[in-house]
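J.: My structure file structure_17.cif, mmCIF, C-alpha atoms, is below:
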```cif
data_work
#
loop_
_atom_site.label_atom_id
_atom_site.label_comp_id
_atom_site.auth_asym_id
_atom_site.auth_seq_id
_atom_site.Cartn_x
_atom_site.Cartn_y
_atom_site.Cartn_z
CA MET A 1 -179.09 -192.29 -89.71
CA SER A 2 -177.27 -189.00 -88.99
CA LEU A 3 -175.10 -189.45 -92.09
CA LYS A 4 -178.24 -189.77 -94.21
CA ARG A 5 -179.71 -186.71 -92.53
CA ASN A 6 -176.54 -184.63 -93.08
CA PHE A 7 -176.46 -185.68 -96.72
CA THR A 8 -180.10 -184.59 -97.14
CA PHE A 9 -179.37 -181.16 -95.61
CA ILE A 10 -176.30 -180.73 -97.82
CA MET A 11 -178.32 -181.61 -100.93
CA LEU A 12 -181.12 -179.24 -99.89
CA GLY A 13 -178.55 -176.48 -99.33
CA ILE A 14 -176.94 -177.07 -102.72
CA SER A 15 -180.36 -177.13 -104.39
CA LEU A 16 -181.32 -173.86 -102.67
CA ILE A 17 -178.08 -172.23 -103.83
CA ILE A 18 -178.61 -173.41 -107.42
CA VAL A 19 -182.23 -172.21 -107.50
CA SER A 20 -181.24 -168.86 -105.98
CA TYR A 21 -178.48 -168.45 -108.55
CA LEU A 22 -180.87 -169.24 -111.42
CA PHE A 23 -183.44 -166.72 -110.14
CA TYR A 24 -180.69 -164.11 -109.83
CA LYS A 25 -179.53 -164.73 -113.43
CA ILE A 26 -183.08 -164.49 -114.76
CA TYR A 27 -183.78 -161.32 -112.79
CA SER A 28 -180.51 -159.64 -113.83
CA GLY A 29 -181.20 -160.62 -117.47
CA ILE A 30 -184.59 -158.94 -117.32
CA ILE A 31 -183.08 -155.83 -115.75
CA TYR A 32 -180.36 -155.76 -118.47
CA LYS A 33 -182.90 -156.09 -121.31
CA ASN A 34 -185.05 -153.31 -119.84
CA GLU A 35 -182.02 -151.04 -119.44
CA ILE A 36 -180.90 -151.65 -123.05
CA ALA A 37 -184.46 -151.02 -124.30
CA ARG A 38 -184.52 -147.74 -122.36
CA LYS A 39 -181.11 -146.66 -123.72
CA ARG A 40 -181.90 -147.36 -127.35
CA GLY A 41 -185.53 -146.15 -127.13
CA LYS A 42 -184.24 -142.64 -127.88
CA LEU A 43 -181.45 -141.94 -130.37
CA PRO A 44 -178.44 -142.53 -128.10
CA ASP A 45 -175.93 -139.77 -127.58
CA LEU A 46 -173.16 -142.20 -128.47
CA CYS A 47 -170.35 -140.93 -130.68
CA PHE A 48 -168.71 -142.75 -133.57
CA TYR A 49 -165.83 -141.89 -135.90
CA ASN A 50 -166.02 -141.21 -139.61
CA LEU A 51 -163.38 -142.43 -142.07
CA ASP A 52 -161.33 -139.25 -141.48
CA GLY A 53 -161.20 -139.98 -137.75
CA GLU A 54 -163.58 -137.15 -136.83
CA LYS A 55 -166.05 -137.76 -134.01
CA LEU A 56 -169.70 -137.83 -135.02
CA CYS A 57 -172.59 -137.96 -132.57
CA PRO A 58 -175.87 -138.92 -134.32
CA ALA A 59 -178.12 -137.44 -131.63
CA ARG A 60 -176.51 -134.04 -132.26
CA ILE A 61 -176.52 -134.08 -136.08
CA SER A 62 -180.01 -135.24 -136.95
CA ASN A 63 -181.15 -131.68 -137.99
CA GLY A 64 -184.79 -132.64 -137.59
CA ASN A 65 -184.25 -135.58 -139.95
CA SER A 66 -185.02 -139.17 -139.21
CA THR A 67 -182.01 -141.42 -138.67
CA VAL A 68 -181.32 -144.94 -139.85
CA ILE A 69 -178.48 -146.76 -138.12
CA MET A 70 -177.31 -149.96 -139.78
CA PHE A 71 -174.62 -152.10 -138.20
CA PHE A 72 -172.85 -153.89 -141.02
CA ASP A 73 -169.81 -155.81 -142.20
CA SER A 74 -168.32 -154.96 -145.59
CA GLU A 75 -168.07 -158.66 -146.49
CA CYS A 76 -171.61 -159.62 -145.44
CA HIS A 77 -173.82 -160.39 -148.42
CA TYR A 78 -176.99 -159.42 -146.54
CA CYS A 79 -175.42 -156.09 -145.59
CA ILE A 80 -174.34 -155.42 -149.17
CA TYR A 81 -177.86 -156.16 -150.41
CA GLY A 82 -179.40 -153.75 -147.89
CA ILE A 83 -176.89 -150.99 -148.59
CA GLY A 84 -177.28 -151.51 -152.35
CA SER A 85 -181.03 -151.16 -151.95
CA ILE A 86 -180.54 -147.90 -150.03
CA ILE A 87 -178.20 -146.58 -152.74
CA LYS A 88 -180.73 -147.41 -155.49
CA ASN A 89 -183.39 -145.50 -153.53
CA ALA A 90 -181.13 -142.70 -152.27
CA GLY A 91 -183.44 -140.06 -153.69
CA SER A 92 -186.17 -141.19 -151.30
CA PHE A 93 -183.95 -140.62 -148.27
CA THR A 94 -183.58 -136.83 -148.60
CA ASP A 95 -184.80 -136.16 -145.03
CA THR A 96 -182.91 -139.09 -143.50
CA ASN A 97 -179.44 -139.53 -142.06
CA ILE A 98 -178.20 -143.02 -142.90
CA LEU A 99 -175.37 -144.15 -140.67
CA LEU A 100 -173.56 -147.34 -141.64
CA ILE A 101 -171.59 -148.47 -138.59
CA SER A 102 -168.95 -151.17 -138.39
CA ASP A 103 -166.07 -152.25 -136.18
CA GLN A 104 -163.88 -153.15 -139.15
CA PRO A 105 -160.54 -151.43 -139.85
CA VAL A 106 -160.80 -148.04 -141.58
CA LYS A 107 -158.82 -149.38 -144.55
CA LEU A 108 -161.55 -151.94 -145.35
CA LEU A 109 -164.32 -149.41 -144.80
CA ARG A 110 -162.65 -146.92 -147.17
CA ARG A 111 -162.36 -149.60 -149.83
CA PHE A 112 -166.05 -150.46 -149.34
CA SER A 113 -167.04 -146.79 -149.59
CA GLU A 114 -165.05 -146.33 -152.79
CA LYS A 115 -166.38 -149.54 -154.35
CA TYR A 116 -170.00 -148.44 -153.85
CA LYS A 117 -169.25 -144.71 -154.41
CA LEU A 118 -170.88 -143.77 -151.11
CA TYR A 119 -169.21 -140.34 -151.24
CA LYS A 120 -171.87 -139.38 -153.83
CA TYR A 121 -174.60 -139.58 -151.20
CA PRO A 122 -174.38 -136.84 -148.55
CA GLN A 123 -177.07 -138.49 -146.41
CA ILE A 124 -175.03 -141.73 -146.11
CA GLU A 125 -172.11 -141.82 -143.70
CA ILE A 126 -169.81 -144.73 -142.88
CA LEU A 127 -168.75 -144.74 -139.24
CA TYR A 128 -166.76 -147.05 -137.05
CA GLU A 129 -166.53 -147.87 -133.37
CA ASP A 130 -165.58 -150.81 -131.23
CA TYR A 131 -168.59 -153.09 -130.73
CA GLY A 132 -167.80 -153.23 -127.01
CA VAL A 133 -168.86 -149.59 -126.76
CA ILE A 134 -171.83 -150.13 -129.05
CA THR A 135 -173.22 -153.11 -127.15
CA SER A 136 -173.26 -151.10 -123.92
CA VAL A 137 -176.04 -149.01 -125.50
CA PHE A 138 -177.61 -151.15 -128.23
CA GLY A 139 -177.22 -154.57 -126.61
CA THR A 140 -176.09 -157.61 -128.55
CA ILE A 141 -175.69 -156.72 -132.21
CA THR A 142 -176.37 -159.10 -135.07
CA ILE A 143 -175.00 -158.26 -138.50
CA PRO A 144 -176.80 -156.64 -140.22
CA GLN A 145 -179.02 -154.91 -137.73
CA THR A 146 -180.94 -151.71 -138.49
CA PHE A 147 -182.47 -149.17 -136.11
CA ILE A 148 -184.90 -146.56 -137.42
CA TYR A 149 -185.39 -143.36 -135.41
CA CYS A 150 -188.00 -140.72 -136.24
CA LYS A 151 -187.35 -136.97 -136.40
CA ASP A 152 -188.12 -136.75 -132.67
CA HIS A 153 -185.31 -139.27 -131.98
CA ASN A 154 -187.72 -141.99 -130.84
CA LEU A 155 -187.06 -145.56 -131.92
CA LEU A 156 -189.58 -146.71 -134.50
CA LYS A 157 -188.35 -150.13 -135.55
CA ILE A 158 -185.48 -152.61 -135.26
CA PHE A 159 -184.65 -155.04 -138.05
CA ARG A 160 -182.35 -157.98 -137.44
CA GLY A 161 -181.00 -159.30 -140.70
CA GLU A 162 -181.41 -158.15 -144.26
CA VAL A 163 -183.76 -155.24 -144.88
CA SER A 164 -184.59 -153.40 -148.10
CA ALA A 165 -184.89 -149.65 -148.61
CA GLU A 166 -188.58 -150.06 -149.39
CA THR A 167 -189.16 -151.61 -145.97
CA ILE A 168 -187.14 -148.89 -144.23
CA LEU A 169 -189.12 -146.20 -146.07
CA LYS A 170 -192.39 -147.59 -144.67
CA TYR A 171 -191.24 -146.49 -141.21
CA ASN A 172 -189.40 -143.39 -142.27
#
```
Would you encode the structure as structure tokens?

T.:
Amino acid sequence: MSLKRNFTFIMLGISLIIVSYLFYKIYSGIIYKNEIARKRGKLPDLCFYNLDGEKLCPARISNGNSTVIMFFDSECHYCIYGIGSIIKNAGSFTDTNILLISDQPVKLLRRFSEKYKLYKYPQIEILYEDYGVITSVFGTITIPQTFIYCKDHNLLKIFRGEVSAETILKYN
């Protein structure tokens, strides 16, 4: 009888530990999501690097313009569609900073910029940074993912996946 009783207490203890661990994981996940939402709710003062290796901090360069941040990959068809749409409508983005951010090597990003002649568009900037740094502020990033910030640096909208210039302009 005491063996059965000990086994029951051990099982109850293990169950209590498992339930406590699950509650802890859920609670810490909620805290993490709230912290990320707070960090990206305003245009983060996170710095990136342009193709010349110069540091660029979007929160400091917005000049009273709205800012569109798109995380992309130069080989992603959805990204290429979205960027192509922005290029076709570049004239509509005169009061907008468009920051295309990737973690790819600079060599690939330069080739991408040249292929699409992005140097013709002063409001479009290709930047790079390690996604480890980026996820500490923006959370988990899907490619493509677009953040739209108003002139006051407040987050207006997040798009996960392909997005057209027309859709971005609705929030801009």

J.: With 3 Å on each side, where is the centre of the axis-aligned box around all listed atoms of range 13-22 of chain A, and how long are its edges in Å to one decimal, as JSON?

T.:
```
{"center_x": -179.6, "center_y": -172.8, "center_z": -105.4, "size_x": 11.3, "size_y": 14.7, "size_z": 18.1}
```

J.: Taking the file as shown, what set of residues would the PyMOL selection byres ((chain A and resi 51) around 7) give back, as a list in words?

T.: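 Output of the PyMOL selection byres ((chain A and resi 51) around 7): Tyr49, Asn50, Asp52, Gly53, Val106, Arg110, Ile126 and Leu127 of chain A.
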
J.: Which residues would end up in the selection if the PyMOL selection byres ((chain A and resi 149-153) around 10) were applied here, given that I need the answer as a PyMOL selection string?

T.: chain A and resi 40-44+58-59+62-69+95-97+146-148+154-158+171-172

J.: For Met70 in chain A, which of A:Glu166, A:Leu12, A:Ile87, A:Ile98 is the closest residue, counting only C-alpha atoms?

T.: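 Answer, going by the shortest atom-to-atom distance: A:Ile98.
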
J.: So which residues get picked by the PyMOL selection byres ((chain A and resi 134) around 12) here, written as a list in words?

T.: Ile36, Lys39, Arg40, Pro44, Asp45, Leu46, Cys47, Phe48, Ile69, Phe71, Ile101, Ser102, Asp103, Leu127, Tyr128, Glu129, Asp130, Tyr131, Gly132, Val133, Thr135, Ser136, Val137, Phe138, Gly139, Thr140, Ile141 and Thr142 of chain A

J.: Report, in Å to a single decimal, how far apart CA of Leu169 in chain A and CA of Pro122 in chain A are.

T.: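 If I compute the distance from CA of Pro122 in chain A to CA of Leu169 in chain A, I get 17.6 Å.
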
J.: Please, what distance in Å, to one decimal, runs between CA of Gly13 in chain A and CA of Tyr32 in chain A?

T.: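 Interatomic distance, CA of Gly13 in chain A to CA of Tyr32 in chain A: 28.3 Å.
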
J.: May I ask for the distance between CA of His77 in chain A and CA of Gln145 in chain A, given in Å to one decimal place?

T.: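 Calculated distance between CA of His77 in chain A and CA of Gln145 in chain A is 13.1 Å.
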
J.: When distances are computed from only C-alpha atoms, which of A:Ser28, A:Gln104, A:Ser20, A:Ser92 shows the smallest separation from Glu75 in chain A?

T.: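 Nearest candidate to Glu75 in chain A out of A:Ser28, A:Gln104, A:Ser20, A:Ser92: A:Gln104.
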
J.: Show me, as a CSV table (one decimal) with C-alpha atoms, in the frame of the given file, the residues that have an atom within 9 Å of Pro144 in chain A when counting all atoms listed in the file, minus same-chain residues fewer than 3 positions from it.

T.:
```
chain,number,residue,atom,x,y,z
A,70,MET,CA,-177.3,-150.0,-139.8
A,71,PHE,CA,-174.6,-152.1,-138.2
A,72,PHE,CA,-172.8,-153.9,-141.0
A,73,ASP,CA,-169.8,-155.8,-142.2
A,76,CYS,CA,-171.6,-159.6,-145.4
A,78,TYR,CA,-177.0,-159.4,-146.5
A,79,CYS,CA,-175.4,-156.1,-145.6
A,82,GLY,CA,-179.4,-153.8,-147.9
A,141,ILE,CA,-175.7,-156.7,-132.2
A,159,PHE,CA,-184.6,-155.0,-138.0
A,160,ARG,CA,-182.4,-158.0,-137.4
A,161,GLY,CA,-181.0,-159.3,-140.7
A,162,GLU,CA,-181.4,-158.2,-144.3
A,163,VAL,CA,-183.8,-155.2,-144.9
```

J.: When you get a chance, write out N, CA and C atoms for range 127-151 of chain A, as a PDB file, keeping the file's coordinate frame.

T.:
```
ATOM      1  N   LEU A 127    -169.362-145.018-140.537  1.00  0.00           N
ATOM      2  CA  LEU A 127    -168.750-144.740-139.240  1.00  0.00           C
ATOM      3  C   LEU A 127    -168.192-146.020-138.665  1.00  0.00           C
ATOM      4  N   TYR A 128    -167.290-145.872-137.724  1.00  0.00           N
ATOM      5  CA  TYR A 128    -166.760-147.050-137.050  1.00  0.00           C
ATOM      6  C   TYR A 128    -166.648-146.798-135.555  1.00  0.00           C
ATOM      7  N   GLU A 129    -166.703-147.889-134.832  1.00  0.00           N
ATOM      8  CA  GLU A 129    -166.530-147.870-133.370  1.00  0.00           C
ATOM      9  C   GLU A 129    -166.363-149.304-132.929  1.00  0.00           C
ATOM     10  N   ASP A 130    -165.740-149.487-131.816  1.00  0.00           N
ATOM     11  CA  ASP A 130    -165.580-150.810-131.230  1.00  0.00           C
ATOM     12  C   ASP A 130    -166.942-151.320-130.769  1.00  0.00           C
ATOM     13  N   TYR A 131    -167.278-152.561-131.103  1.00  0.00           N
ATOM     14  CA  TYR A 131    -168.590-153.090-130.730  1.00  0.00           C
ATOM     15  C   TYR A 131    -168.756-153.225-129.221  1.00  0.00           C
ATOM     16  N   GLY A 132    -167.676-153.220-128.469  1.00  0.00           N
ATOM     17  CA  GLY A 132    -167.800-153.230-127.010  1.00  0.00           C
ATOM     18  C   GLY A 132    -168.513-151.985-126.520  1.00  0.00           C
ATOM     19  N   VAL A 133    -168.203-150.849-127.111  1.00  0.00           N
ATOM     20  CA  VAL A 133    -168.860-149.590-126.760  1.00  0.00           C
ATOM     21  C   VAL A 133    -170.307-149.614-127.242  1.00  0.00           C
ATOM     22  N   ILE A 134    -170.500-150.104-128.447  1.00  0.00           N
ATOM     23  CA  ILE A 134    -171.830-150.130-129.050  1.00  0.00           C
ATOM     24  C   ILE A 134    -172.785-151.013-128.260  1.00  0.00           C
ATOM     25  N   THR A 135    -172.334-152.191-127.856  1.00  0.00           N
ATOM     26  CA  THR A 135    -173.220-153.110-127.150  1.00  0.00           C
ATOM     27  C   THR A 135    -173.633-152.590-125.770  1.00  0.00           C
ATOM     28  N   SER A 136    -172.869-151.669-125.213  1.00  0.00           N
ATOM     29  CA  SER A 136    -173.260-151.100-123.920  1.00  0.00           C
ATOM     30  C   SER A 136    -174.531-150.262-124.048  1.00  0.00           C
ATOM     31  N   VAL A 137    -174.833-149.809-125.268  1.00  0.00           N
ATOM     32  CA  VAL A 137    -176.040-149.010-125.500  1.00  0.00           C
ATOM     33  C   VAL A 137    -177.092-149.798-126.283  1.00  0.00           C
ATOM     34  N   PHE A 138    -176.664-150.480-127.339  1.00  0.00           N
ATOM     35  CA  PHE A 138    -177.610-151.150-128.230  1.00  0.00           C
ATOM     36  C   PHE A 138    -177.844-152.622-127.867  1.00  0.00           C
ATOM     37  N   GLY A 139    -177.085-153.162-126.942  1.00  0.00           N
ATOM     38  CA  GLY A 139    -177.220-154.570-126.610  1.00  0.00           C
ATOM     39  C   GLY A 139    -176.478-155.419-127.623  1.00  0.00           C
ATOM     40  N   THR A 140    -176.749-156.698-127.626  1.00  0.00           N
ATOM     41  CA  THR A 140    -176.090-157.610-128.550  1.00  0.00           C
ATOM     42  C   THR A 140    -176.475-157.239-129.978  1.00  0.00           C
ATOM     43  N   ILE A 141    -175.474-157.124-130.825  1.00  0.00           N
ATOM     44  CA  ILE A 141    -175.690-156.720-132.210  1.00  0.00           C
ATOM     45  C   ILE A 141    -175.521-157.928-133.123  1.00  0.00           C
ATOM     46  N   THR A 142    -176.505-158.116-133.998  1.00  0.00           N
ATOM     47  CA  THR A 142    -176.370-159.100-135.070  1.00  0.00           C
ATOM     48  C   THR A 142    -176.045-158.310-136.337  1.00  0.00           C
ATOM     49  N   ILE A 143    -175.392-158.941-137.263  1.00  0.00           N
ATOM     50  CA  ILE A 143    -175.000-158.260-138.500  1.00  0.00           C
ATOM     51  C   ILE A 143    -175.805-158.838-139.640  1.00  0.00           C
ATOM     52  N   PRO A 144    -176.494-158.062-140.415  1.00  0.00           N
ATOM     53  CA  PRO A 144    -176.800-156.640-140.220  1.00  0.00           C
ATOM     54  C   PRO A 144    -177.938-156.451-139.217  1.00  0.00           C
ATOM     55  N   GLN A 145    -177.934-155.297-138.623  1.00  0.00           N
ATOM     56  CA  GLN A 145    -179.020-154.910-137.730  1.00  0.00           C
ATOM     57  C   GLN A 145    -179.289-153.432-137.959  1.00  0.00           C
ATOM     58  N   THR A 146    -180.556-153.077-138.122  1.00  0.00           N
ATOM     59  CA  THR A 146    -180.940-151.710-138.490  1.00  0.00           C
ATOM     60  C   THR A 146    -181.901-151.140-137.461  1.00  0.00           C
ATOM     61  N   PHE A 147    -181.624-149.907-137.039  1.00  0.00           N
ATOM     62  CA  PHE A 147    -182.470-149.170-136.110  1.00  0.00           C
ATOM     63  C   PHE A 147    -183.001-147.945-136.846  1.00  0.00           C
ATOM     64  N   ILE A 148    -184.302-147.723-136.777  1.00  0.00           N
ATOM     65  CA  ILE A 148    -184.900-146.560-137.420  1.00  0.00           C
ATOM     66  C   ILE A 148    -185.441-145.633-136.334  1.00  0.00           C
ATOM     67  N   TYR A 149    -184.957-144.383-136.368  1.00  0.00           N
ATOM     68  CA  TYR A 149    -185.390-143.360-135.410  1.00  0.00           C
ATOM     69  C   TYR A 149    -186.124-142.257-136.167  1.00  0.00           C
ATOM     70  N   CYS A 150    -187.233-141.796-135.612  1.00  0.00           N
ATOM     71  CA  CYS A 150    -188.000-140.720-136.240  1.00  0.00           C
ATOM     72  C   CYS A 150    -187.322-139.375-135.989  1.00  0.00           C
ATOM     73  N   LYS A 151    -187.913-138.324-136.536  1.00  0.00           N
ATOM     74  CA  LYS A 151    -187.350-136.970-136.400  1.00  0.00           C
ATOM     75  C   LYS A 151    -187.260-136.528-134.943  1.00  0.00           C
TER      76      LYS A 151
END
```
